[in-house]
file upload25.tsv (TSV, C-alpha atoms)
chain	number	residue	atom	x	y	z
A	229	MET	CA	41.84	87.23	85.92
A	230	ILE	CA	40.12	87.89	89.25
A	231	ARG	CA	39.68	85.03	91.71
A	232	THR	CA	39.23	87.08	94.88
A	233	LEU	CA	37.59	90.47	95.39
A	234	ALA	CA	36.93	92.83	98.28
A	235	VAL	CA	34.14	95.41	98.22
A	236	VAL	CA	34.44	98.29	100.66
A	237	GLY	CA	31.00	99.86	100.90
A	238	THR	CA	27.93	97.64	100.55
A	239	GLY	CA	25.40	100.09	99.16
A	240	LEU	CA	23.53	99.74	95.88
A	241	ILE	CA	26.60	99.77	93.61
A	242	GLY	CA	28.97	97.82	95.85
A	243	THR	CA	26.46	95.07	96.57
A	244	SER	CA	25.36	94.84	92.93
A	245	LEU	CA	28.89	94.33	91.63
A	246	ALA	CA	29.58	91.88	94.46
A	247	LEU	CA	26.51	89.87	93.42
A	248	ALA	CA	27.64	89.88	89.79
A	249	ALA	CA	31.18	88.77	90.67
A	250	ALA	CA	30.01	86.09	93.12
A	251	ARG	CA	27.71	84.66	90.45
A	252	GLN	CA	30.80	84.20	88.26
A	253	GLY	CA	32.57	82.18	90.95
A	254	VAL	CA	34.70	84.97	92.44
A	255	ARG	CA	35.30	84.79	96.19
A	256	VAL	CA	34.01	88.14	97.47
A	257	HIS	CA	34.69	89.73	100.87
A	258	LEU	CA	32.39	92.51	102.10
A	259	LEU	CA	33.39	95.47	104.28
A	260	ASP	CA	31.39	98.48	105.43
A	261	SER	CA	31.36	100.88	108.37
A	262	ASP	CA	27.72	99.82	108.87
A	263	PRO	CA	27.65	96.20	110.09
A	264	SER	CA	23.97	95.81	109.20
A	265	ALA	CA	24.71	96.75	105.57
A	266	VAL	CA	27.38	94.02	105.41
A	267	ARG	CA	25.04	91.43	106.93
A	268	THR	CA	22.30	92.39	104.50
A	269	ALA	CA	24.60	92.14	101.48
A	270	ALA	CA	25.93	88.78	102.69
A	271	ALA	CA	22.40	87.49	103.23
A	272	LEU	CA	21.65	88.40	99.60
A	273	GLY	CA	24.51	86.16	98.48
A	274	ALA	CA	26.94	88.97	97.63
A	275	GLY	CA	29.88	87.46	99.54
A	276	LEU	CA	31.47	86.81	102.90
A	277	PRO	CA	31.25	89.42	105.69
A	278	GLY	CA	34.55	90.78	106.93
A	279	PRO	CA	38.08	91.22	105.59
A	280	PRO	CA	39.93	88.45	103.75
A	281	PRO	CA	42.70	86.41	105.44
A	282	GLU	CA	45.19	87.49	102.74
A	283	PRO	CA	45.34	90.18	100.05
A	284	VAL	CA	42.70	89.80	97.32
A	285	ASP	CA	43.29	90.39	93.61
A	286	LEU	CA	41.19	93.56	93.50
A	287	ALA	CA	39.46	95.82	96.02
A	288	VAL	CA	36.59	98.06	94.97
A	289	ILE	CA	36.19	101.25	97.01
A	290	ALA	CA	32.44	101.90	96.85
A	291	VAL	CA	32.16	105.06	98.94
A	292	PRO	CA	31.23	108.70	98.19
A	293	PRO	CA	33.78	110.74	96.17
A	294	SER	CA	35.09	112.72	99.13
A	295	LEU	CA	36.01	109.51	100.98
A	296	VAL	CA	37.70	107.60	98.15
A	297	ALA	CA	41.28	108.74	98.85
A	298	THR	CA	41.01	108.30	102.63
A	299	VAL	CA	39.49	104.83	102.44
A	300	LEU	CA	41.89	103.76	99.72
A	301	ALA	CA	44.92	104.91	101.74
A	302	GLN	CA	43.62	103.05	104.80
A	303	GLN	CA	43.02	99.83	102.90
A	304	GLN	CA	46.35	99.98	101.07
A	305	ALA	CA	48.11	100.49	104.40
A	306	ARG	CA	46.49	97.35	105.81
A	307	GLY	CA	47.31	95.37	102.64
A	308	LEU	CA	43.71	94.57	101.66
A	309	ALA	CA	44.42	93.95	97.96
A	310	ARG	CA	47.02	93.81	95.22
A	311	THR	CA	45.14	96.37	93.11
A	312	TYR	CA	42.35	98.88	93.70
A	313	THR	CA	39.58	100.71	91.89
A	314	ASP	CA	36.57	102.78	92.91
A	315	VAL	CA	33.06	103.44	91.60
A	316	ALA	CA	32.55	107.11	92.48
A	317	SER	CA	30.69	109.23	89.93
A	318	VAL	CA	33.33	112.00	90.15
A	319	LYS	CA	36.90	111.19	89.15
A	320	TYR	CA	39.22	114.22	88.95
A	321	GLU	CA	39.36	115.32	92.60
A	322	PRO	CA	39.51	111.77	93.99
A	323	GLU	CA	42.35	110.99	91.57
A	324	ARG	CA	44.31	114.05	92.71
A	325	ALA	CA	43.81	113.07	96.34
A	326	VAL	CA	44.86	109.46	95.70
A	327	LEU	CA	48.04	110.56	93.92
A	328	ALA	CA	48.89	112.76	96.89
A	329	ARG	CA	47.96	110.40	99.74
A	330	ALA	CA	47.87	106.73	98.72
A	331	PRO	CA	50.89	104.62	99.72
A	332	ASP	CA	51.09	103.18	96.19
A	333	PRO	CA	49.00	104.99	93.54
A	334	THR	CA	50.34	102.69	90.79
A	335	ARG	CA	47.99	100.00	92.11
A	336	TYR	CA	44.88	102.21	91.67
A	337	ILE	CA	42.65	103.01	88.70
A	338	GLY	CA	39.54	105.18	88.88
A	339	GLY	CA	36.23	103.71	87.77
A	340	HIS	CA	32.61	104.73	87.32
A	341	PRO	CA	29.85	102.31	86.25
A	342	LEU	CA	27.07	104.34	84.65
A	343	ALA	CA	24.22	102.50	86.29
A	344	GLY	CA	22.01	103.08	89.26
A	345	ARG	CA	18.50	103.17	90.64
A	346	GLU	CA	16.32	105.66	92.48
A	347	ARG	CA	16.61	103.48	95.58
A	348	SER	CA	19.79	103.10	97.62
A	349	GLY	CA	21.26	100.53	99.98
A	350	PRO	CA	22.02	96.83	99.60
A	351	LEU	CA	18.37	95.80	99.35
A	352	ALA	CA	18.12	97.78	96.10
A	353	ALA	CA	21.02	95.83	94.56
A	354	ARG	CA	20.59	93.82	91.37
A	355	VAL	CA	22.92	91.21	89.92
A	356	ASP	CA	22.28	92.53	86.39
A	357	LEU	CA	22.56	96.23	87.25
A	358	PHE	CA	25.60	96.74	85.00
A	359	GLN	CA	24.61	94.49	82.11
A	360	ASP	CA	25.43	96.26	78.81
A	361	ARG	CA	26.03	99.55	80.66
A	362	VAL	CA	29.07	101.73	80.11
A	363	TRP	CA	31.74	101.48	82.82
A	364	VAL	CA	34.32	104.28	82.63
A	365	LEU	CA	37.93	103.75	83.67
A	366	THR	CA	40.18	106.75	84.31
A	367	PRO	CA	43.81	105.60	84.61
A	368	SER	CA	46.19	108.18	86.04
A	369	ARG	CA	49.71	108.79	84.78
A	370	LEU	CA	50.90	106.26	87.40
A	371	THR	CA	48.36	103.47	86.95
A	372	SER	CA	49.96	100.09	86.30
A	373	ARG	CA	48.96	97.73	83.52
A	374	THR	CA	48.00	95.14	86.11
A	375	ALA	CA	45.53	97.52	87.76
A	376	LEU	CA	43.97	98.31	84.37
A	377	ASP	CA	43.70	94.64	83.41
A	378	ARG	CA	42.05	93.65	86.68
A	379	ALA	CA	39.55	96.51	86.43
A	380	LEU	CA	38.73	95.35	82.90
A	381	SER	CA	38.23	91.82	84.22
A	382	LEU	CA	35.75	93.13	86.81
A	383	ILE	CA	33.84	94.98	84.11
A	384	GLY	CA	33.66	91.78	82.09
A	385	LEU	CA	32.37	89.81	85.09
A	386	CYS	CA	29.60	92.38	85.51
A	387	GLY	CA	28.62	92.31	81.83
A	388	ALA	CA	29.41	96.00	81.33
A	389	VAL	CA	31.11	97.85	78.46
A	390	PRO	CA	34.47	99.51	79.28
A	391	LEU	CA	35.29	103.07	78.21
A	392	VAL	CA	38.66	104.66	79.04
A	393	MET	CA	38.72	108.43	79.59
A	394	GLN	CA	40.75	111.10	81.35
A	395	SER	CA	39.29	112.01	84.74
A	396	LYS	CA	38.62	115.67	83.92
A	397	ALA	CA	36.90	114.83	80.62
A	398	HIS	CA	34.74	112.33	82.49
A	399	ASP	CA	33.67	114.89	85.08
A	400	ASP	CA	32.79	117.48	82.43
A	401	ALA	CA	30.65	114.91	80.62
A	402	VAL	CA	28.75	113.59	83.65
A	403	ALA	CA	28.04	117.14	84.82
A	404	LEU	CA	25.87	117.47	81.71
A	405	THR	CA	24.51	113.93	81.49
A	406	SER	CA	23.96	113.06	85.17
A	407	HIS	CA	24.66	115.72	87.80
A	408	VAL	CA	22.74	118.67	86.34
A	409	PRO	CA	19.75	116.45	85.43
A	410	HIS	CA	19.58	115.40	89.08
A	411	VAL	CA	19.66	119.04	90.19
A	412	VAL	CA	16.93	120.00	87.70
A	413	SER	CA	14.83	117.04	88.81
A	414	SER	CA	15.21	118.15	92.44
A	415	LEU	CA	14.33	121.75	91.57
A	416	MET	CA	11.14	120.63	89.84
A	417	ALA	CA	10.20	118.23	92.65
A	418	ALA	CA	10.80	120.98	95.23
A	419	ARG	CA	8.29	123.19	93.39
A	420	LEU	CA	5.53	120.71	94.21
A	421	GLY	CA	5.64	121.81	97.83
A	422	ALA	CA	4.81	125.37	96.79
A	423	GLY	CA	2.15	124.46	94.21
A	424	PRO	CA	-1.65	124.53	94.48
A	425	PRO	CA	-3.08	122.02	96.96
A	426	GLN	CA	-4.55	119.83	94.19
A	427	ALA	CA	-1.43	119.83	91.98
A	428	ALA	CA	-0.21	116.40	93.06
A	429	ARG	CA	-3.53	114.82	92.13
A	430	LEU	CA	-3.17	116.15	88.59
A	431	ALA	CA	0.36	114.85	88.10
A	432	GLY	CA	0.80	112.81	84.95
A	433	GLN	CA	3.59	110.61	83.67
A	434	GLY	CA	5.53	113.59	82.32
A	435	LEU	CA	6.01	115.05	85.80
A	436	ARG	CA	6.85	111.64	87.21
A	437	ASP	CA	9.50	111.16	84.52
A	438	VAL	CA	11.07	114.56	85.24
A	439	THR	CA	11.13	114.10	89.02
A	440	ARG	CA	11.90	110.35	89.19
A	441	ILE	CA	15.61	110.73	90.02
A	442	ALA	CA	15.03	113.40	92.67
A	443	GLY	CA	14.61	110.65	95.27
A	444	GLY	CA	18.34	109.89	95.46
A	445	ASP	CA	20.22	110.01	98.77
A	446	SER	CA	20.71	113.72	99.57
A	447	ARG	CA	23.96	113.12	101.49
A	448	LEU	CA	25.51	111.20	98.62
A	449	TRP	CA	24.35	113.73	96.05
A	450	SER	CA	25.60	116.72	98.03
A	451	ASP	CA	28.98	114.98	98.13
A	452	ILE	CA	28.88	114.42	94.36
A	453	LEU	CA	27.90	118.01	93.62
A	454	GLN	CA	30.61	119.36	95.89
A	455	ALA	CA	33.24	117.19	94.20
A	456	ASN	CA	32.18	118.31	90.71
A	457	ALA	CA	30.96	121.81	91.57
A	458	GLY	CA	32.88	123.66	88.86
A	459	ALA	CA	31.65	121.55	85.96
A	460	VAL	CA	28.07	121.51	87.29
A	461	ALA	CA	28.09	125.30	87.71
A	462	GLY	CA	29.26	125.68	84.12
A	463	VAL	CA	26.37	123.64	82.71
A	464	LEU	CA	23.87	125.40	84.98
A	465	THR	CA	25.16	128.78	83.77
A	466	ASP	CA	24.37	127.80	80.18
A	467	LEU	CA	20.99	126.49	81.29
A	468	GLN	CA	20.34	129.76	83.12
A	469	ALA	CA	20.93	131.67	79.88
A	470	ASP	CA	18.44	129.47	78.04
A	471	LEU	CA	15.90	129.95	80.83
A	472	ALA	CA	16.37	133.73	80.72
A	473	ASP	CA	15.65	133.76	76.98
A	474	LEU	CA	12.61	131.54	77.48
A	475	LEU	CA	11.28	133.74	80.29
A	476	THR	CA	11.60	136.84	78.13
A	477	ALA	CA	9.66	135.14	75.34
A	478	LEU	CA	6.93	133.78	77.61
A	479	ARG	CA	6.39	137.11	79.36
A	480	ASP	CA	5.97	138.73	75.96
A	481	LEU	CA	3.48	136.03	74.89
A	482	ALA	CA	1.53	136.54	78.12
A	483	GLY	CA	0.87	140.18	77.24
A	484	PRO	CA	-1.91	141.70	75.15
A	485	PRO	CA	-2.32	139.89	71.80
A	486	ASP	CA	-1.72	143.05	69.75
A	487	ARG	CA	1.67	143.58	71.43
A	488	ARG	CA	3.06	140.07	71.14
A	489	SER	CA	6.17	139.62	69.05
A	490	ALA	CA	6.43	136.87	66.45
A	491	HIS	CA	10.04	136.54	67.55
A	492	SER	CA	8.93	135.37	71.00
A	493	LEU	CA	6.94	132.45	69.63
A	494	ALA	CA	9.83	131.59	67.32
A	495	ALA	CA	12.17	131.52	70.33
A	496	VAL	CA	9.91	129.01	72.10
A	497	VAL	CA	9.70	126.81	69.00
A	498	ASP	CA	13.49	127.00	68.58
A	499	LEU	CA	14.04	125.76	72.15
A	500	LEU	CA	11.64	122.86	71.64
A	501	ASP	CA	13.29	121.97	68.33
A	502	ARG	CA	16.75	122.01	69.94
A	503	GLY	CA	15.40	119.70	72.62
A	504	ILE	CA	14.17	117.25	69.99
A	505	ALA	CA	17.55	117.38	68.25
A	506	GLY	CA	19.36	116.76	71.53
A	507	LEU	CA	17.12	113.80	72.27
A	508	GLY	CA	18.07	112.34	68.91
A	509	GLU	CA	21.75	112.52	69.84
A	510	LEU	CA	21.00	110.89	73.19
A	511	SER	CA	19.71	107.76	71.45
A	512	THR	CA	23.24	106.84	70.37
A	513	GLY	CA	25.58	108.72	72.68
A	514	LEU	CA	27.35	109.88	69.49
A	515	PRO	CA	26.32	113.38	68.33
A	516	GLY	CA	25.22	113.45	64.72
A	517	ARG	CA	25.12	109.64	64.37
A	518	PRO	CA	21.70	107.91	64.41
A	519	ALA	CA	21.31	104.68	66.31
A	520	GLN	CA	20.82	101.43	64.40
A	521	LEU	CA	17.55	99.69	65.10
A	522	ALA	CA	16.86	96.00	65.52
A	523	THR	CA	13.52	94.27	65.62
A	524	VAL	CA	12.72	91.71	68.29
A	525	ARG	CA	9.78	89.53	67.24
A	526	VAL	CA	7.79	87.92	70.04
A	527	ARG	CA	5.01	85.36	69.54
A	528	ILE	CA	2.25	85.59	72.12
A	529	ALA	CA	-1.11	83.92	72.61
A	530	ASP	CA	-4.12	85.98	71.59
A	531	ARG	CA	-5.76	86.03	74.98
A	532	PRO	CA	-6.74	88.84	77.37
A	533	GLY	CA	-3.83	90.31	79.33
A	534	GLU	CA	-1.02	88.60	77.42
A	535	LEU	CA	0.10	91.74	75.59
A	536	SER	CA	0.00	93.72	78.83
A	537	ARG	CA	2.15	91.06	80.48
A	538	LEU	CA	4.70	91.32	77.67
A	539	LEU	CA	4.86	95.11	77.86
A	540	ALA	CA	5.26	94.97	81.64
A	541	ALA	CA	8.20	92.59	81.20
A	542	THR	CA	9.93	94.89	78.71
A	543	ALA	CA	9.27	98.17	80.51
A	544	GLU	CA	12.43	97.99	82.67
A	545	LEU	CA	14.50	98.08	79.46
A	546	GLY	CA	12.77	101.26	78.33
A	547	VAL	CA	10.65	99.44	75.72
A	548	GLY	CA	7.01	100.53	75.65
A	549	PRO	CA	3.83	100.49	73.56
A	550	GLU	CA	5.22	103.15	71.20
A	551	ASP	CA	7.90	100.64	70.12
A	552	ALA	CA	5.44	97.83	69.35
A	553	GLN	CA	3.48	96.65	66.32
A	554	VAL	CA	1.04	93.76	66.64
A	555	ARG	CA	0.14	91.44	63.74
A	556	PRO	CA	-1.48	87.98	63.41
A	557	ALA	CA	1.22	85.31	63.67
A	558	ASP	CA	2.14	83.39	60.54
A	559	GLY	CA	1.22	79.72	60.56
A	560	VAL	CA	-0.44	79.58	63.98
A	561	ARG	CA	-4.05	80.52	64.13
A	562	GLY	CA	-4.98	82.61	67.13
A	563	ASP	CA	-1.43	83.72	68.02
A	564	LEU	CA	-0.01	87.21	67.60
A	565	THR	CA	3.42	88.47	66.61
A	566	VAL	CA	4.60	91.57	68.45
A	567	ARG	CA	7.42	93.41	66.65
A	568	LEU	CA	9.48	95.60	68.97
A	569	ALA	CA	11.74	98.13	67.20
A	570	VAL	CA	14.58	99.06	69.55
A	571	PRO	CA	18.18	100.33	69.36
A	572	ALA	CA	20.40	97.40	68.42
A	573	VAL	CA	22.30	97.59	71.72
A	574	VAL	CA	19.03	96.85	73.57
A	575	SER	CA	17.99	93.90	71.41
A	576	GLY	CA	20.16	91.31	73.18
A	577	PRO	CA	18.99	92.08	76.73
A	578	LEU	CA	15.40	92.38	75.46
A	579	LEU	CA	15.54	89.00	73.71
A	580	ALA	CA	16.98	87.40	76.85
A	581	ARG	CA	14.26	88.95	78.99
A	582	VAL	CA	11.26	87.85	76.92
A	583	THR	CA	12.56	84.32	76.36
A	584	ALA	CA	13.24	83.98	80.08
A	585	GLU	CA	9.57	84.84	80.63
A	586	GLY	CA	8.55	81.93	78.37
A	587	TRP	CA	7.79	83.57	75.02
A	588	ASP	CA	9.21	82.43	71.67
A	589	ALA	CA	11.25	85.29	70.19
A	590	ASP	CA	13.97	86.10	67.71
A	591	THR	CA	15.75	89.22	66.48
A	592	GLU	CA	17.13	90.72	63.31
A	593	ALA	CA	19.04	93.92	62.51
A	594	ASP	CA	16.98	96.43	60.58
A	595	GLY	CA	19.86	98.59	59.39
A	596	ARG	CA	17.58	101.58	59.80
A	597	PRO	CA	18.45	104.66	61.81
A	598	ALA	CA	16.51	105.24	64.98
A	599	CYS	CA	14.39	108.37	65.00
A	600	VAL	CA	12.47	110.20	67.64
A	601	ALA	CA	8.80	110.73	66.92
call {"tool": "encode", "arguments": {"input": "upload25.tsv", "output": "structure tokens"}}
result
Amino acid sequence: MIRTLAVVGTGLIGTSLALAAARQGVRVHLLDSDPSAVRTAAALGAGLPGPPPEPVDLAVIAVPPSLVATVLAQQQARGLARTYTDVASVKYEPERAVLARAPDPTRYIGGHPLAGRERSGPLAARVDLFQDRVWVLTPSRLTSRTALDRALSLIGLCGAVPLVMQSKAHDDAVALTSHVPHVVSSLMAARLGAGPPQAARLAGQGLRDVTRIAGGDSRLWSDILQANAGAVAGVLTDLQADLADLLTALRDLAGPPDRRSAHSLAAVVDLLDRGIAGLGELSTGLPGRPAQLATVRVRIADRPGELSRLLAATAELGVGPEDAQVRPADGVRGDLTVRLAVPAVVSGPLLARVTAEGWDADTEADGRPACVA
């Protein structure tokens, strides 16, 4: 049970979790080296500016990976909290540093909520940022049961889903699922500066999807990449090999038609097929296991703009026109029923969103595996 909380670092993640905890009645104290960030977070309703008068139940260290151990040691020395966690997206090196430098590493457990936005800072914070998102905990060999329990309580307050992992396994996984994608997005976005003058005017949604995450804070991301450099380099090495094979095939296909090899075209098709297969695994997070679908049925009025309004409301949950079927509503002349087929884990947040917007809706499990068209 958490009654009092301190958040050290009032950026996007720190302010968002402070908002979520404060909404649940937790007394939250906000600290940051930037006074304006603290004032902004406090003005949003995230908590009280400044340190608490006595130790809080849990302190969250919301700073870049390279600073976790230093800030934690400082706050433990001043007696900020009874237990501590962090939210850095790299876990192994910070854990090693904490074990070596913290006054009492038994009171600490590593944490990483897998949520974020392209924007940074307290003004980008959202109270529901962690709702139904995975939140990894990486207990060390010294972590106490009390520290684990309080971190789990925080995850519950934020509406997230806990997952316990070893720190090294976590870093290897996020190198593939988060850190390298950011690097690739940055590489592609950087190419725009060297492209034809009219290239930006021809950019479609595909390019915007690929480059969307390239807008992250460069100082934070350089810190992340430095802290997880080995794992990131390993994934990029494998990606480099795939790119080399693709380049060989494309250069062959760019040659005279009578000299092109059928093997080159097959290599391109194989890469695209492996991409489709990988996307299928991404839908569940469990390789080889298809996601279960649920259908959310929404009744809307048959009037201009109503369907567009519904799709705009669902877009933030990743639900779009390709997920929708529209039929005349049963029993009510002039109304429409929109059936939205989504992974079951999304159905709850989607139902809550559309009903909050004023539509009548319900949901049912399909029991069908999700597939990628």
call {"tool": "residues_near_point", "arguments": {"input": "upload25.tsv", "point": "(38.8, 104.5, 84.7)", "cutoff": "10 Å", "atoms": "all atoms listed in the file", "output": "MDAnalysis selection string"}}
result
chainID A and resid 313:315 319 336:341 363:368 371 376 379:380 390:395 398
call {"tool": "atom_distance", "arguments": {"input": "upload25.tsv", "atom1": "CA of Ile528 in chain A", "atom2": "CA of Asp588 in chain A"}}
result
7.7 Å
call {"tool": "atom_distance", "arguments": {"input": "upload25.tsv", "atom1": "CA of Ala482 in chain A", "atom2": "CA of Val497 in chain A"}}
result
15.6 Å
call {"tool": "closest_residue", "arguments": {"input": "upload25.tsv", "among": "A:Leu430, A:Val554, A:Leu370, A:Ala403", "to": "Leu453 in chain A", "atoms": "only C-alpha atoms"}}
result
A:Ala403
call {"tool": "atom_distance", "arguments": {"input": "upload25.tsv", "atom1": "CA of Glu592 in chain A", "atom2": "CA of Ala557 in chain A"}}
result
16.8 Å
call {"tool": "residues_around", "arguments": {"input": "upload25.tsv", "residues": "range 416-429 of chain A", "least_positions_apart": "3", "cutoff": "10 Å", "atoms": "only C-alpha atoms", "output": "VMD selection string"}}
result
chain A and resid 410 to 413 432 435 to 436 438 to 443
call {"tool": "closest_residue", "arguments": {"input": "upload25.tsv", "among": "A:Leu538, A:Ile504, A:Ala287, A:Leu545", "to": "Val574 in chain A", "atoms": "all atoms listed in the file"}}
result
A:Leu545
call {"tool": "build_atoms", "arguments": {"input": "upload25.tsv", "residues": "range 328-337 of chain A", "atoms": "all heavy atoms", "output": "JSON list (two decimals), in the coordinates of the input"}}
result
[["chain", "number", "residue", "atom", "x", "y", "z"],
["A", 328, "ALA", "N", 48.19, 112.05, 95.82],
["A", 328, "ALA", "CA", 48.89, 112.76, 96.89],
["A", 328, "ALA", "C", 48.99, 111.94, 98.17],
["A", 328, "ALA", "O", 49.94, 112.13, 98.95],
["A", 328, "ALA", "CB", 48.18, 114.08, 97.18],
["A", 329, "ARG", "N", 48.05, 111.00, 98.42],
["A", 329, "ARG", "CA", 47.96, 110.40, 99.74],
["A", 329, "ARG", "C", 48.10, 108.89, 99.77],
["A", 329, "ARG", "O", 48.44, 108.33, 100.82],
["A", 329, "ARG", "CB", 46.61, 110.77, 100.37],
["A", 329, "ARG", "CG", 46.44, 112.27, 100.56],
["A", 329, "ARG", "CD", 45.01, 112.65, 100.85],
["A", 329, "ARG", "NE", 44.47, 111.98, 102.01],
["A", 329, "ARG", "CZ", 43.20, 112.07, 102.41],
["A", 329, "ARG", "NH1", 42.35, 112.82, 101.72],
["A", 329, "ARG", "NH2", 42.79, 111.43, 103.47],
["A", 330, "ALA", "N", 47.83, 108.20, 98.68],
["A", 330, "ALA", "CA", 47.87, 106.73, 98.72],
["A", 330, "ALA", "C", 49.30, 106.23, 98.83],
["A", 330, "ALA", "O", 50.21, 106.79, 98.20],
["A", 330, "ALA", "CB", 47.22, 106.17, 97.46],
["A", 331, "PRO", "N", 49.53, 105.18, 99.60],
["A", 331, "PRO", "CA", 50.89, 104.62, 99.72],
["A", 331, "PRO", "C", 51.46, 104.18, 98.38],
["A", 331, "PRO", "O", 52.67, 104.32, 98.14],
["A", 331, "PRO", "CB", 50.69, 103.43, 100.66],
["A", 331, "PRO", "CG", 49.49, 103.79, 101.48],
["A", 331, "PRO", "CD", 48.59, 104.53, 100.53],
["A", 332, "ASP", "N", 50.61, 103.64, 97.49],
["A", 332, "ASP", "CA", 51.09, 103.18, 96.19],
["A", 332, "ASP", "C", 50.03, 103.45, 95.11],
["A", 332, "ASP", "O", 49.23, 102.57, 94.78],
["A", 332, "ASP", "CB", 51.42, 101.68, 96.24],
["A", 332, "ASP", "CG", 52.09, 101.20, 94.96],
["A", 332, "ASP", "OD1", 52.25, 102.02, 94.02],
["A", 332, "ASP", "OD2", 52.46, 100.02, 94.89],
["A", 333, "PRO", "N", 50.02, 104.64, 94.54],
["A", 333, "PRO", "CA", 49.00, 104.99, 93.54],
["A", 333, "PRO", "C", 49.11, 104.21, 92.24],
["A", 333, "PRO", "O", 48.18, 104.22, 91.43],
["A", 333, "PRO", "CB", 49.22, 106.48, 93.30],
["A", 333, "PRO", "CG", 50.61, 106.76, 93.76],
["A", 333, "PRO", "CD", 50.89, 105.79, 94.85],
["A", 334, "THR", "N", 50.23, 103.49, 92.02],
["A", 334, "THR", "CA", 50.34, 102.69, 90.79],
["A", 334, "THR", "C", 49.35, 101.53, 90.80],
["A", 334, "THR", "O", 48.99, 101.00, 89.74],
["A", 334, "THR", "CB", 51.76, 102.11, 90.64],
["A", 334, "THR", "OG1", 52.02, 101.17, 91.68],
["A", 334, "THR", "CG2", 52.80, 103.22, 90.66],
["A", 335, "ARG", "N", 48.90, 101.14, 92.00],
["A", 335, "ARG", "CA", 47.99, 100.00, 92.11],
["A", 335, "ARG", "C", 46.51, 100.41, 91.99],
["A", 335, "ARG", "O", 45.62, 99.57, 92.18],
["A", 335, "ARG", "CB", 48.20, 99.30, 93.46],
["A", 335, "ARG", "CG", 49.59, 98.69, 93.63],
["A", 335, "ARG", "CD", 49.76, 98.18, 95.04],
["A", 335, "ARG", "NE", 51.09, 97.61, 95.25],
["A", 335, "ARG", "CZ", 51.35, 96.30, 95.22],
["A", 335, "ARG", "NH1", 50.36, 95.44, 95.02],
["A", 335, "ARG", "NH2", 52.57, 95.85, 95.41],
["A", 336, "TYR", "N", 46.26, 101.68, 91.68],
["A", 336, "TYR", "CA", 44.88, 102.21, 91.67],
["A", 336, "TYR", "C", 44.49, 102.70, 90.28],
["A", 336, "TYR", "O", 45.30, 103.30, 89.57],
["A", 336, "TYR", "CB", 44.76, 103.36, 92.66],
["A", 336, "TYR", "CG", 43.55, 104.23, 92.45],
["A", 336, "TYR", "CD1", 42.27, 103.82, 92.85],
["A", 336, "TYR", "CD2", 43.67, 105.48, 91.83],
["A", 336, "TYR", "CE1", 41.16, 104.62, 92.64],
["A", 336, "TYR", "CE2", 42.57, 106.29, 91.63],
["A", 336, "TYR", "CZ", 41.31, 105.86, 92.03],
["A", 336, "TYR", "OH", 40.22, 106.65, 91.82],
["A", 337, "ILE", "N", 43.23, 102.44, 89.91],
["A", 337, "ILE", "CA", 42.65, 103.01, 88.70],
["A", 337, "ILE", "C", 41.23, 103.46, 89.02],
["A", 337, "ILE", "O", 40.46, 102.74, 89.67],
["A", 337, "ILE", "CB", 42.64, 102.01, 87.53],
["A", 337, "ILE", "CG1", 42.07, 102.68, 86.27],
["A", 337, "ILE", "CG2", 41.88, 100.73, 87.88],
["A", 337, "ILE", "CD1", 42.26, 101.83, 85.01]]
